[in-house]
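Only one structure is covered here, and it is reproduced in the block below.
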Amino acid sequence: MSNPMLPAGPARIEINEVGPRDGLQIEAALVPTDAKVALVDALSACGFARIEVTSFTSPKAIPALADAQDVMRRIARRPGVIYTALVPNVRGLERALEVGVDELNLVMSCSETHNRANLRMTREQSFAELANILGVAARHRLPANVSLSTAFGCPFDGDVPAEDVLDLARRLVEAGAAGITLCDTTGMAFPTQVASLSAAAQQRFPGTPITIHLHNTRGMALANAIAAWQTGITRFDAAAGGLGGCPFAPGASGNVATEELVHMFDCMGVATGVTLAPLLEVVRGLPALVQRAFSNPLLAAGPRLATHAPPAWLAERFPPA
Ligand code: COA
Ligand code: ZN
């Protein structure tokens, strides 16, 4: 459906479901390994291009994902789905290599203070660590994407200059990054900013897939997704149920909800590969999984065309002719 008022983006997008990683890393409840495996297996049936299964981080930093190796070993790998995991350092790479992942997702921040708070390293230390990992990954022919946290603003340092983000991305692409994810860690991004950075990144790194990772902290995630899509972005991170957040970023809250992203693009006739019905079933089970209630407007209302039977009295008031 073309609309002259809304410049169209690509006809097809890909979604990387990050709920099992970004979603569970911040939850207070410790989700049992069996339940994590069942979650990933249920998500595997929904049609995602990628699933970020877990993270090979320090169990002291992220106790919720201390069972990363068990989860990775036990999931049923569905052909066609790329199973990825977050890795912050060489130790994490070693653990990932032991159990096998299809793709690595390395991480560092664009801002100095968040990098220190999240990864306990300076940006330059993180860069050296990631460059090292990229070298090893290349020898294993293992694609390694790099997620750049705080690309749209930092909860400690405030605005992050777009040039700093693009320069860091350039150095990582030169070091062998297979893709770059621009992360709005604490929902500071706004649509015109997203459009401008998305366009600049695609222009500077034409051979490198750019993914946009949004959080809905301030209610702008779907608007930001549209803005990115209009510049040609085809890859989005999202978390089922809108779970998610970085434990080392004050005020962080949920990712853009996968079901809302899928539903919105479905309405617009943009293919996501994801089937909404089984995804909504996964979302329905999330409060029990993380042991807390949360409101989910799409689950409550149903998809847009889930219409209702008219009130019974209408038939009396307006009898058939
Ligand atoms: N996996 C498992 N254990 C790890 C590890 C990894 N990837 N990296 C370090 N460790 C262990 C070390 O073996 C060491 O163990 P010990 O105390 O028993 O000797 C301990 O953790 C400290 O190691 P060190 O290298 O000093 O790490 P650190 O304390 O400086 O922490 C990180 C650095 C990167 C490992 C840690 O900050 C981290 O995991 N951060 C992840 C943050 C994150 O995922 N945020 C949300 C996503 S953006
Ligand atoms: Zn995130």
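Residues in the structure tokens are numbered from 1 in each chain, the chains being A, B, ... in the order shown, and ligands are numbered from 1 in the order shown.
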Note to self: Please identify all protein, DNA and RNA residues within 7 Å of ligand 1, counting only C-alpha atoms and all ligand atoms, and report them as a ChimeraX atom specification.
What the structure shows: /A:22,25,55-62,87-92,95,107,118-121,149,246-248
May I have the selected residues written with N, CA, C and O atoms, as a tab-separated table (two decimals), in the first residue's frame?
chain	number	residue	atom	x	y	z
A	22	ASP	N	18.45	-9.81	26.08
A	22	ASP	CA	18.20	-8.47	26.61
A	22	ASP	C	17.03	-8.50	27.58
A	22	ASP	O	17.01	-7.78	28.59
A	25	GLN	N	18.09	-10.62	30.99
A	25	GLN	CA	19.27	-10.16	31.75
A	25	GLN	C	18.92	-9.20	32.88
A	25	GLN	O	19.66	-9.08	33.85
A	55	SER	N	23.84	-14.55	26.79
A	55	SER	CA	25.10	-13.82	26.71
A	55	SER	C	26.16	-14.51	27.54
A	55	SER	O	25.88	-15.04	28.63
A	56	PHE	N	27.36	-14.53	26.97
A	56	PHE	CA	28.51	-15.14	27.65
A	56	PHE	C	29.26	-14.04	28.39
A	56	PHE	O	30.36	-13.66	28.02
A	57	THR	N	28.58	-13.52	29.42
A	57	THR	CA	29.14	-12.45	30.22
A	57	THR	C	29.57	-13.03	31.56
A	57	THR	O	29.35	-14.21	31.83
A	58	SER	N	30.16	-12.19	32.39
A	58	SER	CA	30.55	-12.67	33.72
A	58	SER	C	29.28	-12.97	34.53
A	58	SER	O	28.38	-12.15	34.61
A	59	PRO	N	29.21	-14.15	35.15
A	59	PRO	CA	28.02	-14.48	35.96
A	59	PRO	C	27.86	-13.54	37.14
A	59	PRO	O	26.77	-13.42	37.68
A	60	LYS	N	28.96	-12.87	37.52
A	60	LYS	CA	28.83	-11.88	38.59
A	60	LYS	C	28.11	-10.64	38.06
A	60	LYS	O	27.31	-10.03	38.75
A	61	ALA	N	28.40	-10.27	36.82
A	61	ALA	CA	27.76	-9.09	36.23
A	61	ALA	C	26.31	-9.38	35.88
A	61	ALA	O	25.43	-8.56	36.13
A	62	ILE	N	26.05	-10.53	35.28
A	62	ILE	CA	24.69	-10.89	34.82
A	62	ILE	C	24.34	-12.29	35.36
A	62	ILE	O	24.40	-13.27	34.61
A	87	VAL	N	28.69	-11.36	23.44
A	87	VAL	CA	30.02	-11.65	23.97
A	87	VAL	C	30.74	-10.33	24.23
A	87	VAL	O	30.89	-9.52	23.32
A	88	PRO	N	31.19	-10.10	25.50
A	88	PRO	CA	31.85	-8.82	25.79
A	88	PRO	C	33.36	-8.88	25.81
A	88	PRO	O	34.02	-7.85	25.80
A	89	ASN	N	33.93	-10.11	25.90
A	89	ASN	CA	35.39	-10.21	26.04
A	89	ASN	C	35.88	-11.57	25.54
A	89	ASN	O	35.08	-12.43	25.13
A	90	VAL	N	37.19	-11.77	25.59
A	90	VAL	CA	37.79	-13.00	25.06
A	90	VAL	C	37.32	-14.23	25.83
A	90	VAL	O	37.04	-15.28	25.25
A	91	ARG	N	37.16	-14.06	27.15
A	91	ARG	CA	36.65	-15.18	27.97
A	91	ARG	C	35.26	-15.61	27.47
A	91	ARG	O	34.96	-16.79	27.37
A	92	GLY	N	34.44	-14.64	27.15
A	92	GLY	CA	33.10	-14.92	26.63
A	92	GLY	C	33.18	-15.63	25.28
A	92	GLY	O	32.41	-16.55	25.00
A	95	ARG	N	33.95	-19.29	25.80
A	95	ARG	CA	32.76	-20.05	26.24
A	95	ARG	C	31.80	-20.26	25.08
A	95	ARG	O	31.18	-21.32	24.96
A	107	VAL	N	29.90	-6.46	21.99
A	107	VAL	CA	29.26	-5.24	22.51
A	107	VAL	C	30.28	-4.29	23.11
A	107	VAL	O	31.24	-4.72	23.76
A	118	ASN	N	29.25	-0.60	32.36
A	118	ASN	CA	28.69	-1.85	31.86
A	118	ASN	C	29.74	-2.94	31.70
A	118	ASN	O	29.49	-4.10	31.98
A	119	LEU	N	30.92	-2.53	31.23
A	119	LEU	CA	31.92	-3.53	30.86
A	119	LEU	C	33.20	-3.44	31.69
A	119	LEU	O	34.12	-4.24	31.50
A	120	ARG	N	33.26	-2.48	32.59
A	120	ARG	CA	34.41	-2.31	33.48
A	120	ARG	C	35.72	-2.15	32.71
A	120	ARG	O	36.78	-2.59	33.15
A	121	MET	N	35.60	-1.55	31.54
A	121	MET	CA	36.79	-1.27	30.72
A	121	MET	C	36.62	0.14	30.15
A	121	MET	O	35.49	0.62	30.03
A	149	SER	N	26.33	0.23	22.09
A	149	SER	CA	25.40	0.77	23.08
A	149	SER	C	25.48	2.29	23.09
A	149	SER	O	26.49	2.87	22.68
A	246	CYS	N	19.26	-2.73	30.12
A	246	CYS	CA	20.64	-2.95	30.58
A	246	CYS	C	20.72	-2.68	32.08
A	246	CYS	O	20.40	-1.57	32.53
A	247	PRO	N	21.15	-3.67	32.87
A	247	PRO	CA	21.21	-3.48	34.33
A	247	PRO	C	22.21	-2.40	34.75
A	247	PRO	O	22.18	-1.96	35.89
A	248	PHE	N	23.12	-1.99	33.85
A	248	PHE	CA	24.13	-1.00	34.21
A	248	PHE	C	23.86	0.35	33.56
A	248	PHE	O	24.77	1.16	33.38
Next item on the list: Would you mind listing what lies within 6 Å of stretch 256-272 of chain A as number ranges by chain, with only C-alpha atoms counted and same-chain residues fewer than 5 positions away left out?
Entry: A: 11-14, 214-216, 221, 238-242
Note to self: Need the shell around stretch 108-114 of chain A: protein/DNA/RNA residues with any atom at most 8 Å away, counting only C-alpha atoms. Skip same-chain ones fewer than 6 positions apart. Format as a PyMOL selection string?
What the structure shows: chain A and resi 88+122-123+126-127+146-151+154-157+160+164-165+168+248-249
Take the residues from that selection and put them in a file with C-alpha atoms, as a CSV table (one decimal), in the first residue's frame.
chain,number,residue,atom,x,y,z
A,88,PRO,CA,31.8,-8.8,25.8
A,122,THR,CA,37.6,2.0,29.0
A,123,ARG,CA,36.4,2.2,25.4
A,126,SER,CA,37.0,-2.7,24.9
A,127,PHE,CA,38.0,-1.9,21.4
A,146,VAL,CA,29.1,-5.5,16.9
A,147,SER,CA,26.4,-3.8,19.0
A,148,LEU,CA,27.2,-0.2,19.9
A,149,SER,CA,25.4,0.8,23.1
A,150,THR,CA,24.4,4.4,23.8
A,151,ALA,CA,24.5,5.3,20.1
A,154,CYS,CA,24.0,8.0,27.3
A,155,PRO,CA,22.3,8.0,30.6
A,156,PHE,CA,25.5,9.3,32.2
A,157,ASP,CA,27.2,11.5,29.5
A,160,VAL,CA,26.6,11.3,22.0
A,164,ASP,CA,31.8,9.6,17.5
A,165,VAL,CA,29.4,6.7,16.8
A,168,LEU,CA,33.8,3.9,16.2
A,248,PHE,CA,24.1,-1.0,34.2
A,249,ALA,CA,22.2,1.9,32.6
Note to self: Restricting the calculation to only C-alpha atoms and all ligand atoms: of A:Pro143, A:Gly245, A:Pro278, A:Pro320, which residue gets closest to ligand 2?
What the structure shows: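 Between A:Pro143, A:Gly245, A:Pro278, A:Pro320, the residue approaching ligand 2 most closely is A:Gly245.
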Check: Could you pull out all residues of stretch 123-218 of chain A with a DSSP call of helix (DSSP H, G or I) and give them as number ranges by chain?
Finding: A: 123-139, 162-174, 191-204
Item checked: d(atom CA of A:Ala45, atom CA of A:Thr84) in Å -> 16.1 Å
Notebook entry, point to check: Excluding same-chain residues fewer than 5 positions from A:Val18, what lies within 10 Å of it counting only C-alpha atoms, as JSON, numbers by chain?
Noted result: {"A": [23, 24, 50, 51, 52, 53, 54, 84, 85, 86, 213, 236, 237, 238, 239, 240, 243, 244, 255, 258]}
